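File shown: input_9.pdb. Contents: PDB, C-alpha atoms, pLDDT in the B column.
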```
ATOM      1  CA  THR A   1     110.912 103.996  93.044  1.00 47.00           C
ATOM      2  CA  THR A   2     109.952 106.267  90.190  1.00 51.00           C
ATOM      3  CA  LEU A   3     111.933 107.560  87.255  1.00 52.00           C
ATOM      4  CA  THR A   4     112.658 111.247  87.168  1.00 50.00           C
ATOM      5  CA  ASP A   5     113.473 113.654  84.347  1.00 55.00           C
ATOM      6  CA  ASP A   6     115.365 115.900  86.739  1.00 55.00           C
ATOM      7  CA  SER A   7     118.852 114.695  85.769  1.00 55.00           C
ATOM      8  CA  THR A   8     120.567 117.681  87.401  1.00 59.00           C
ATOM      9  CA  ARG A   9     119.079 116.792  90.765  1.00 56.00           C
ATOM     10  CA  LEU A  10     120.021 113.147  90.296  1.00 56.00           C
ATOM     11  CA  GLU A  11     123.625 114.036  89.401  1.00 57.00           C
ATOM     12  CA  ALA A  12     123.836 116.282  92.452  1.00 57.00           C
ATOM     13  CA  LEU A  13     122.767 113.392  94.672  1.00 55.00           C
ATOM     14  CA  LEU A  14     125.359 111.073  93.157  1.00 55.00           C
ATOM     15  CA  GLU A  15     128.331 113.465  93.275  1.00 57.00           C
ATOM     16  CA  PRO A  16     130.353 113.601  96.472  1.00 63.00           C
ATOM     17  CA  HIS A  17     130.457 117.078  97.956  1.00 64.00           C
ATOM     18  CA  GLU A  18     133.359 118.544  99.830  1.00 58.00           C
ATOM     19  CA  SER A  19     133.962 121.937 101.283  1.00 63.00           C
ATOM     20  CA  ALA A  20     136.353 124.387  99.677  1.00 62.00           C
ATOM     21  CA  ALA A  21     138.790 123.783 102.557  1.00 67.00           C
ATOM     22  CA  VAL A  22     139.234 120.069 101.792  1.00 68.00           C
ATOM     23  CA  PRO A  23     141.868 120.425  99.023  1.00 76.00           C
ATOM     24  CA  ALA A  24     143.978 122.695 101.253  1.00 77.00           C
ATOM     25  CA  GLU A  25     143.631 120.267 104.161  1.00 77.00           C
ATOM     26  CA  ARG A  26     144.646 117.418 101.864  1.00 80.00           C
ATOM     27  CA  ARG A  27     147.783 119.334 100.804  1.00 86.00           C
ATOM     28  CA  ASP A  28     148.634 119.996 104.460  1.00 83.00           C
ATOM     29  CA  LEU A  29     148.233 116.304 105.327  1.00 84.00           C
ATOM     30  CA  HIS A  30     150.365 115.338 102.332  1.00 85.00           C
ATOM     31  CA  ARG A  31     153.083 117.779 103.403  1.00 90.00           C
ATOM     32  CA  GLU A  32     153.078 116.452 106.981  1.00 90.00           C
ATOM     33  CA  LEU A  33     153.198 112.844 105.799  1.00 88.00           C
ATOM     34  CA  LEU A  34     156.153 113.575 103.507  1.00 90.00           C
ATOM     35  CA  ALA A  35     157.963 115.332 106.357  1.00 92.00           C
ATOM     36  CA  ALA A  36     157.394 112.315 108.628  1.00 93.00           C
ATOM     37  CA  LEU A  37     158.552 109.893 105.920  1.00 93.00           C
ATOM     38  CA  ALA A  38     161.707 111.968 105.437  1.00 94.00           C
ATOM     39  CA  GLN A  39     162.669 111.229 109.052  1.00 96.00           C
ATOM     40  CA  LEU A  40     162.785 107.473 108.414  1.00 95.00           C
ATOM     41  CA  PRO A  41     165.952 105.697 107.309  1.00 96.00           C
ATOM     42  CA  VAL A  42     166.104 105.472 103.501  1.00 96.00           C
ATOM     43  CA  GLU A  43     165.702 101.673 103.491  1.00 96.00           C
ATOM     44  CA  GLN A  44     162.539 101.768 105.613  1.00 96.00           C
ATOM     45  CA  ARG A  45     161.109 104.664 103.636  1.00 95.00           C
ATOM     46  CA  ALA A  46     161.673 102.882 100.316  1.00 96.00           C
ATOM     47  CA  ALA A  47     159.994  99.697 101.554  1.00 96.00           C
ATOM     48  CA  LEU A  48     157.011 101.587 102.991  1.00 95.00           C
ATOM     49  CA  VAL A  49     156.506 103.683  99.871  1.00 94.00           C
ATOM     50  CA  LEU A  50     156.616 100.644  97.590  1.00 96.00           C
ATOM     51  CA  VAL A  51     154.387  98.393  99.703  1.00 96.00           C
ATOM     52  CA  ASP A  52     152.007 100.728 101.549  1.00 93.00           C
ATOM     53  CA  MET A  53     151.755 103.685  99.190  1.00 91.00           C
ATOM     54  CA  GLN A  54     152.405 102.245  95.743  1.00 94.00           C
ATOM     55  CA  GLY A  55     150.693  98.933  96.481  1.00 95.00           C
ATOM     56  CA  TYR A  56     153.507  96.646  95.344  1.00 97.00           C
ATOM     57  CA  PRO A  57     153.330  93.087  96.661  1.00 98.00           C
ATOM     58  CA  VAL A  58     156.130  92.413  99.148  1.00 98.00           C
ATOM     59  CA  ALA A  59     157.817  89.975  96.747  1.00 98.00           C
ATOM     60  CA  GLU A  60     157.880  92.572  93.963  1.00 97.00           C
ATOM     61  CA  ALA A  61     159.198  95.250  96.335  1.00 97.00           C
ATOM     62  CA  ALA A  62     161.947  92.811  97.339  1.00 98.00           C
ATOM     63  CA  ARG A  63     162.906  92.401  93.675  1.00 97.00           C
ATOM     64  CA  VAL A  64     162.922  96.173  93.128  1.00 96.00           C
ATOM     65  CA  LEU A  65     165.038  96.766  96.223  1.00 97.00           C
ATOM     66  CA  ASP A  66     167.195  93.698  95.546  1.00 97.00           C
ATOM     67  CA  VAL A  67     166.742  92.340  99.071  1.00 98.00           C
ATOM     68  CA  PRO A  68     165.074  89.212 100.526  1.00 98.00           C
ATOM     69  CA  VAL A  69     161.306  89.259 101.150  1.00 98.00           C
ATOM     70  CA  GLY A  70     161.869  89.032 104.906  1.00 98.00           C
ATOM     71  CA  THR A  71     163.992  92.175 104.768  1.00 98.00           C
ATOM     72  CA  VAL A  72     161.173  94.114 103.113  1.00 98.00           C
ATOM     73  CA  LYS A  73     158.725  92.835 105.725  1.00 98.00           C
ATOM     74  CA  SER A  74     160.974  93.840 108.618  1.00 98.00           C
ATOM     75  CA  ARG A  75     161.750  97.247 107.085  1.00 97.00           C
ATOM     76  CA  CYS A  76     158.035  97.901 106.635  1.00 97.00           C
ATOM     77  CA  ALA A  77     157.266  96.821 110.199  1.00 97.00           C
ATOM     78  CA  ARG A  78     160.043  98.956 111.663  1.00 97.00           C
ATOM     79  CA  GLY A  79     159.148 101.901 109.437  1.00 96.00           C
ATOM     80  CA  ARG A  80     155.476 101.719 110.408  1.00 95.00           C
ATOM     81  CA  ALA A  81     156.421 101.568 114.090  1.00 96.00           C
ATOM     82  CA  ARG A  82     158.607 104.674 113.746  1.00 96.00           C
ATOM     83  CA  LEU A  83     156.110 106.518 111.560  1.00 93.00           C
ATOM     84  CA  LEU A  84     153.018 105.937 113.703  1.00 92.00           C
ATOM     85  CA  PRO A  85     153.875 108.320 116.571  1.00 93.00           C
ATOM     86  CA  MET A  86     154.762 111.004 114.031  1.00 91.00           C
ATOM     87  CA  ILE A  87     151.421 110.850 112.192  1.00 87.00           C
ATOM     88  CA  THR A  88     148.882 109.743 114.810  1.00 86.00           C
ATOM     89  CA  HIS A  89     147.585 113.316 115.027  1.00 83.00           C
ATOM     90  CA  LEU A  90     146.646 113.124 111.314  1.00 77.00           C
ATOM     91  CA  ARG A  91     143.972 110.465 111.911  1.00 76.00           C
ATOM     92  CA  PRO A  92     140.367 111.529 111.309  1.00 70.00           C
ATOM     93  CA  GLU A  93     138.262 112.253 114.390  1.00 65.00           C
ATOM     94  CA  GLY A  94     136.901 109.173 116.133  1.00 55.00           C
ATOM     95  CA  THR A  95     139.573 106.701 114.997  1.00 53.00           C
ATOM     96  CA  GLU A  96     142.150 107.277 117.741  1.00 51.00           C
ATOM     97  CA  GLY A  97     141.171 104.246 119.783  1.00 49.00           C
ATOM     98  CA  ASP A  98     141.035 101.933 116.766  1.00 47.00           C
ATOM     99  CA  GLN A  99     143.894  99.493 117.284  1.00 48.00           C
ATOM    100  CA  GLU A 100     142.807  97.051 114.584  1.00 46.00           C
ATOM    101  CA  GLY A 101     145.164  97.618 111.641  1.00 48.00           C
ATOM    102  CA  ARG A 102     145.206  95.990 108.245  1.00 50.00           C
ATOM    103  CA  ASN A 103     147.595  93.289 109.466  1.00 49.00           C
ATOM    104  CA  ARG A 104     145.900  92.738 112.797  1.00 44.00           C
ATOM    105  CA  THR A 105     143.124  90.411 113.781  1.00 43.00           C
ATOM    106  CA  ARG A 106     141.002  91.414 116.721  1.00 43.00           C
ATOM    107  CA  GLY A 107     142.130  89.568 119.824  1.00 44.00           C
ATOM    108  CA  THR A 108     145.722  88.885 118.732  1.00 44.00           C
ATOM    109  CA  ALA A 109     148.919  90.527 119.885  1.00 44.00           C
TER
END
```

If you convert what's in this file into structure tokens, what do you get?
Amino acid sequence: TTLTDDSTRLEALLEPHESAAVPAERRDLHRELLAALAQLPVEQRAALVLVDMQGYPVAEAARVLDVPVGTVKSRCARGRARLLPMITHLRPEGTEGDQEGRNRTRGTA
């Protein structure tokens, strides 16, 4: 490798580029996700937002919601199951057949 004085070119290579349509698409996805979440029961929605969107550990979400840890886990599982059919169409191209989720290990049920 060689050093270059062309810092503008270097910055351009390091910056991610997105089309002008991306922010609008992101807003549309956000709107659709919020509409799908609104269809869930309040208890499931609260658990999913805390754990999956806000990143709270399950134990902390249980403290916030004042319910047992197992209740948060079951609400998240039920909420995810109800939410999935409503948002499957939002997945990026080429990921439809991907059944391996964050809580799944390949080869398990």

*Got a sec to resolve the PyMOL selection byres ((chain A and resi 75-90) around 8) on this structure and send the residues as an MDAnalysis selection string?*
chainID A and resid 29 32:33 36:37 40 43:45 47:48 51 71:74 91:92 96

*Quick one, how far is atom CA of Glu25 of chain A from atom CA of Pro57 of chain A?*
29.8 Å

*asked:* For a test of reading the model, state the distance in Å between atom CA of Ala46 of chain A and atom CA of Asp66 of chain A, rounded to one decimal.
replied: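 Rounded to one decimal, the two atoms are 11.7 Å apart.
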
*How many Å separate atom CA of Pro23 of chain A from atom CA of Leu50 of chain A?*
24.7 Å

_Give me, as a PyMOL selection string, all polymer residues having an atom no more than 7 Å from Val69 of chain A, counting all atoms listed in the file and skipping those fewer than 6 positions away in the same chain._
chain A and resi 58-59+62
